[in-house]
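Each remark here refers to the structure printed beneath this line.
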Amino acid sequence: MTEKQSKTPISRRKFLKTSTLVVTGAAIAYGAVSVPLLRSDRLRLRPPGALDENLFLASCIKCGQCLQVCPPQVIELDDISQGFGIGSPYIIPREGACILCNGLPCVLACPTGALNHDLSLGKDAEMGLAVITNPDTCLSVLGVNDLVYRLENLGKKKTSSPDQTELKEILTSLIKKLTQDEKKAWQTKFALADISDNTLLSILKQSEHADLKWIINFAGSSGQAQKACQVCLEECPIKDEKPIVFVSKTNPDTGKKYVWPSVMKTCVGCGVCEEKCPTPAASVKITPRLEWSEKQTGIQTRKENLT
Ligand code: SF4
Ligand code: SF4
Ligand code: SF4
């Protein structure tokens, strides 16, 4: 990267920061933040850097710039069918989470600073907080491996052949986690030339050999089956800060041991865990950060709301 290129985002940030102050100052001067505001009729997960909800809705001019620059296209705009706050951007994590992409282009694109230009790193985003909302279905609590679980579900589907896209995704992950001996057993079963990951995966192209039942049994007896789901942590984009820690606990009533995914303060609420959670309804969900609604909803601040 040239010196000129590396400086460009910084000078743009400075420019946008200045314009934020001007627009926010103008909004306050004209009483825009103290008049009743049009707001969404439900809690919304806003893009990174969103100001507190009242100020955000006052500052966002519903231009859709953030949406246009979002690489995974996960930002949606409220429409008239969803009540107030029409045109304001939000994210539905289960349908597509914010991946906290480098440089936070949505923040840079926001012309008013409704997405705060002081924010430059995803790890500081503070969009919300992950909460284990369905512990009864959480595979970690149940001690179930996610890949085995997904394979078994695929096997239960009443279709003539399994969904190849999903099967490929599962097998790609599974093969990476097999021991050498397990890879050799796979090689023998399908008479493959070697045990490289690509060769083992080539069974997908030989549909007559893609014996799902055998694969399900094989996965269920592999070492991997002993490892309960940690998908939320594995997929979390905040890599160094460990937003989820798996804690061993004991049920005081039954004495049964289980492992609880405990959400830490370093979680920023991007929603990747909610999107990737393999259970039919996500076992983990994002509580958006909305300081203005604390008193109305009983939702605590993110620092107190740890699970
Ligand atoms: S940081 Fe998130 S919302 Fe913003 S552009 Fe990237 S993926 Fe989209
Ligand atoms: S991804 Fe996390 S919350 Fe979802 S089932 Fe696995 S451990 Fe539980
Ligand atoms: S735990 Fe990780 S993936 Fe889930 S919302 Fe928090 S930061 Fe995002």
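Going through the structure tokens in order, the chains are called A, B, and so on, while each chain numbers its residues from 1 and the ligands are numbered from 1 in the order shown.
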Per residue of chain A within 7 Å of ligand 3, what are the shortest atom pair and its distance in Å to one decimal, counting only C-alpha atoms and all ligand atoms, with rows by chain and residue number, as a tab-separated table?
```
residue	atom	partner	partner_atom_place_in_ligand_line	distance
A:Leu129	CA	ligand 3	5 (S)	5.9
A:Ala130	CA	ligand 3	5 (S)	4.8
A:Cys232	CA	ligand 3	3 (S)	6.1
A:Leu233	CA	ligand 3	2 (Fe)	6.5
A:Glu235	CA	ligand 3	3 (S)	6.4
A:Cys236	CA	ligand 3	3 (S)	3.7
A:Pro237	CA	ligand 3	3 (S)	5.9
A:Ile238	CA	ligand 3	7 (S)	5.5
A:Pro243	CA	ligand 3	1 (S)	5.0
A:Ile244	CA	ligand 3	1 (S)	5.6
A:Val263	CA	ligand 3	1 (S)	6.4
A:Thr266	CA	ligand 3	7 (S)	6.9
A:Cys267	CA	ligand 3	6 (Fe)	3.6
A:Val268	CA	ligand 3	7 (S)	4.5
A:Gly269	CA	ligand 3	5 (S)	3.5
A:Cys270	CA	ligand 3	8 (Fe)	3.9
A:Gly271	CA	ligand 3	5 (S)	4.2
A:Val272	CA	ligand 3	3 (S)	4.2
A:Cys273	CA	ligand 3	4 (Fe)	4.2
A:Glu274	CA	ligand 3	4 (Fe)	6.6
A:Ile286	CA	ligand 3	5 (S)	6.3
```
- May I ask you to write as a ChimeraX atom specification all residues lying at most 8 Å from ligand 2, with only C-alpha atoms and all ligand atoms counted? /A:132,134-135,137-141,146,228-233,260-261,273-274,276-279,282-284
- Message: Please return, as a ChimeraX atom specification, all residues of segment 230-277 of chain A that DSSP assigns to strand (DSSP E) on the basis of the backbone.
- Response: /A:244-250,257-263
Just want the residues within 9 Å of ligand 1, written as a PDB file with C-alpha atoms, in the first residue's frame, counting only C-alpha atoms and all ligand atoms.
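Output file out-v9.pdb is given in full below:
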```
ATOM      1  CA  ARG A  46     -27.888  -1.165  13.921  1.00  0.00           C
ATOM      2  CA  PRO A  47     -24.680  -1.220  11.860  1.00  0.00           C
ATOM      3  CA  PRO A  48     -21.371  -0.646  13.677  1.00  0.00           C
ATOM      4  CA  GLY A  49     -20.837   2.791  15.164  1.00  0.00           C
ATOM      5  CA  CYS A  66     -24.018   2.199   4.288  1.00  0.00           C
ATOM      6  CA  LEU A  67     -26.100  -0.458   2.575  1.00  0.00           C
ATOM      7  CA  GLN A  68     -24.476   0.179  -0.785  1.00  0.00           C
ATOM      8  CA  VAL A  69     -20.918  -0.311   0.431  1.00  0.00           C
ATOM      9  CA  CYS A  70     -21.526  -3.321   2.684  1.00  0.00           C
ATOM     10  CA  PRO A  71     -19.588  -6.239   1.081  1.00  0.00           C
ATOM     11  CA  PRO A  72     -21.818  -9.063   2.391  1.00  0.00           C
ATOM     12  CA  GLN A  73     -24.960  -6.958   1.816  1.00  0.00           C
ATOM     13  CA  VAL A  74     -26.363  -7.531   5.280  1.00  0.00           C
ATOM     14  CA  ILE A  75     -27.814  -4.067   5.896  1.00  0.00           C
ATOM     15  CA  TYR A  90     -30.594  -2.391  10.478  1.00  0.00           C
ATOM     16  CA  ILE A  91     -29.252  -5.939  10.405  1.00  0.00           C
ATOM     17  CA  GLY A  96     -26.794 -12.306   7.469  1.00  0.00           C
ATOM     18  CA  ALA A  97     -24.557 -10.916  10.198  1.00  0.00           C
ATOM     19  CA  CYS A  98     -22.087  -8.073  10.161  1.00  0.00           C
ATOM     20  CA  ILE A  99     -18.641  -9.539   9.564  1.00  0.00           C
ATOM     21  CA  LEU A 100     -16.881  -6.430  10.922  1.00  0.00           C
ATOM     22  CA  CYS A 101     -15.038  -6.033   7.653  1.00  0.00           C
ATOM     23  CA  ASN A 102     -11.718  -4.194   7.515  1.00  0.00           C
ATOM     24  CA  GLY A 103     -12.016  -0.444   7.535  1.00  0.00           C
ATOM     25  CA  LEU A 104     -15.742  -0.556   8.412  1.00  0.00           C
ATOM     26  CA  PRO A 105     -16.830   0.836   5.020  1.00  0.00           C
ATOM     27  CA  CYS A 106     -20.389   1.457   6.246  1.00  0.00           C
ATOM     28  CA  VAL A 107     -19.041   3.867   8.845  1.00  0.00           C
ATOM     29  CA  LEU A 108     -16.839   5.623   6.296  1.00  0.00           C
ATOM     30  CA  ALA A 109     -19.732   5.924   3.860  1.00  0.00           C
ATOM     31  CA  GLY A 122     -14.565  -3.796  14.628  1.00  0.00           C
ATOM     32  CA  ALA A 125     -18.162  -1.729  17.622  1.00  0.00           C
ATOM     33  CA  CYS A 270     -21.959  -8.467  15.402  1.00  0.00           C
TER      34      CYS A 270
END
```
- Between A:Leu51, A:Ile215, A:Ala225, A:Leu43, single out the one closest to Ala114 of chain A, counting only C-alpha atoms.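 The answer is A:Leu51, which sits nearest to Ala114 of chain A.
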- Query: Counting only C-alpha atoms, what is within 10 Å of Gly220 of chain A, bar same-chain residues fewer than 5 positions away, as a ChimeraX atom specification?
  - Reply: /A:145,147-149,151-152,214-215,225-226
- Query: Please, what distance in Å, to one decimal, runs between atom CA of Gly143 of chain A and atom CA of Glu95 of chain A?
  - Reply: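 Taking atom CA of Gly143 of chain A as the start and atom CA of Glu95 of chain A as the end point, the length is 26.0 Å.
Using only C-alpha atoms, the smallest distance between any of A:Asn251, A:Ala50, A:Ile175, A:Asn217 and His117 of chain A comes from A:Ala50.
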Secondary structure check, helix (DSSP H, G or I) residues of segment 199-228 of chain A, as a PDB file with N, CA and C atoms, in the first residue's frame:
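Written out: out-v2.pdb:
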```
ATOM      1  N   THR A 199      -8.854 -35.264  -1.845  1.00  0.00           N
ATOM      2  CA  THR A 199      -9.210 -36.608  -2.315  1.00  0.00           C
ATOM      3  C   THR A 199     -10.385 -37.153  -1.506  1.00  0.00           C
ATOM      4  N   LEU A 200     -10.314 -36.981  -0.181  1.00  0.00           N
ATOM      5  CA  LEU A 200     -11.414 -37.485   0.651  1.00  0.00           C
ATOM      6  C   LEU A 200     -12.725 -36.798   0.270  1.00  0.00           C
ATOM      7  N   LEU A 201     -12.643 -35.529  -0.078  1.00  0.00           N
ATOM      8  CA  LEU A 201     -13.862 -34.788  -0.425  1.00  0.00           C
ATOM      9  C   LEU A 201     -14.371 -35.161  -1.828  1.00  0.00           C
ATOM     10  N   SER A 202     -13.513 -35.800  -2.626  1.00  0.00           N
ATOM     11  CA  SER A 202     -13.899 -36.103  -4.013  1.00  0.00           C
ATOM     12  C   SER A 202     -15.061 -37.094  -4.089  1.00  0.00           C
ATOM     13  N   ILE A 203     -15.412 -37.718  -2.968  1.00  0.00           N
ATOM     14  CA  ILE A 203     -16.550 -38.656  -3.004  1.00  0.00           C
ATOM     15  C   ILE A 203     -17.838 -37.939  -3.395  1.00  0.00           C
ATOM     16  N   LEU A 204     -17.837 -36.613  -3.194  1.00  0.00           N
ATOM     17  CA  LEU A 204     -19.042 -35.857  -3.567  1.00  0.00           C
ATOM     18  C   LEU A 204     -19.300 -35.915  -5.071  1.00  0.00           C
ATOM     19  N   LYS A 205     -18.211 -36.066  -5.838  1.00  0.00           N
ATOM     20  CA  LYS A 205     -18.370 -36.126  -7.296  1.00  0.00           C
ATOM     21  C   LYS A 205     -18.757 -37.523  -7.756  1.00  0.00           C
ATOM     22  N   SER A 207     -21.308 -39.766  -6.941  1.00  0.00           N
ATOM     23  CA  SER A 207     -22.516 -39.842  -6.129  1.00  0.00           C
ATOM     24  C   SER A 207     -22.832 -41.274  -5.694  1.00  0.00           C
ATOM     25  N   GLU A 208     -22.447 -42.253  -6.501  1.00  0.00           N
ATOM     26  CA  GLU A 208     -22.762 -43.625  -6.097  1.00  0.00           C
ATOM     27  C   GLU A 208     -22.004 -44.020  -4.829  1.00  0.00           C
ATOM     28  N   HIS A 209     -20.893 -43.287  -4.579  1.00  0.00           N
ATOM     29  CA  HIS A 209     -20.101 -43.602  -3.396  1.00  0.00           C
ATOM     30  C   HIS A 209     -20.463 -42.729  -2.194  1.00  0.00           C
ATOM     31  N   LEU A 212     -24.340 -41.641   2.533  1.00  0.00           N
ATOM     32  CA  LEU A 212     -24.580 -40.750   3.666  1.00  0.00           C
ATOM     33  C   LEU A 212     -24.713 -41.510   4.981  1.00  0.00           C
ATOM     34  N   LYS A 213     -25.377 -42.656   4.907  1.00  0.00           N
ATOM     35  CA  LYS A 213     -25.575 -43.415   6.146  1.00  0.00           C
ATOM     36  C   LYS A 213     -24.228 -43.829   6.752  1.00  0.00           C
ATOM     37  N   TRP A 214     -23.328 -44.303   5.882  1.00  0.00           N
ATOM     38  CA  TRP A 214     -22.012 -44.696   6.378  1.00  0.00           C
ATOM     39  C   TRP A 214     -21.301 -43.480   6.975  1.00  0.00           C
ATOM     40  N   ILE A 215     -21.389 -42.356   6.276  1.00  0.00           N
ATOM     41  CA  ILE A 215     -20.697 -41.143   6.739  1.00  0.00           C
ATOM     42  C   ILE A 215     -21.243 -40.699   8.099  1.00  0.00           C
ATOM     43  N   ILE A 216     -22.560 -40.805   8.260  1.00  0.00           N
ATOM     44  CA  ILE A 216     -23.164 -40.396   9.540  1.00  0.00           C
ATOM     45  C   ILE A 216     -22.639 -41.282  10.671  1.00  0.00           C
ATOM     46  N   ASN A 217     -22.638 -42.602  10.438  1.00  0.00           N
ATOM     47  CA  ASN A 217     -22.135 -43.521  11.460  1.00  0.00           C
ATOM     48  C   ASN A 217     -20.651 -43.283  11.738  1.00  0.00           C
ATOM     49  N   PHE A 218     -19.917 -43.063  10.659  1.00  0.00           N
ATOM     50  CA  PHE A 218     -18.468 -42.822  10.778  1.00  0.00           C
ATOM     51  C   PHE A 218     -18.210 -41.570  11.619  1.00  0.00           C
ATOM     52  N   ALA A 219     -18.918 -40.478  11.259  1.00  0.00           N
ATOM     53  CA  ALA A 219     -18.728 -39.212  11.998  1.00  0.00           C
ATOM     54  C   ALA A 219     -19.114 -39.387  13.459  1.00  0.00           C
ATOM     55  N   GLY A 220     -20.186 -40.145  13.690  1.00  0.00           N
ATOM     56  CA  GLY A 220     -20.672 -40.329  15.057  1.00  0.00           C
ATOM     57  C   GLY A 220     -19.710 -41.112  15.931  1.00  0.00           C
ATOM     58  N   SER A 221     -18.849 -41.919  15.313  1.00  0.00           N
ATOM     59  CA  SER A 221     -17.896 -42.684  16.124  1.00  0.00           C
ATOM     60  C   SER A 221     -16.487 -42.091  16.032  1.00  0.00           C
ATOM     61  N   GLY A 223     -13.411 -39.215  16.614  1.00  0.00           N
ATOM     62  CA  GLY A 223     -13.000 -38.428  17.777  1.00  0.00           C
ATOM     63  C   GLY A 223     -13.739 -37.101  17.817  1.00  0.00           C
ATOM     64  N   GLN A 224     -14.054 -36.592  16.658  1.00  0.00           N
ATOM     65  CA  GLN A 224     -14.734 -35.306  16.573  1.00  0.00           C
ATOM     66  C   GLN A 224     -16.079 -35.319  17.306  1.00  0.00           C
ATOM     67  N   ALA A 225     -16.740 -36.473  17.275  1.00  0.00           N
ATOM     68  CA  ALA A 225     -18.068 -36.576  17.900  1.00  0.00           C
ATOM     69  C   ALA A 225     -18.014 -36.302  19.397  1.00  0.00           C
ATOM     70  N   GLN A 226     -16.804 -36.482  19.976  1.00  0.00           N
ATOM     71  CA  GLN A 226     -16.681 -36.254  21.428  1.00  0.00           C
ATOM     72  C   GLN A 226     -16.610 -34.769  21.761  1.00  0.00           C
TER      73      GLN A 226
END
```
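For the choices A:Gly87, A:Gly128, A:Gly113, A:Pro93, the atom-to-atom distance to Glu275 of chain A is smallest for A:Pro93 when using only C-alpha atoms.
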- Query: Between atom CA of Arg94 of chain A and atom CA of Asn153 of chain A, what is the spacing in Å?
  - Reply: 19.1 Å
- Coordinates-based distance that separates atom CA of Val144 of chain A from atom CA of Ser248 of chain A (Å, one decimal):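 Interatomic distance, atom CA of Ser248 of chain A to atom CA of Val144 of chain A: 14.5 Å.
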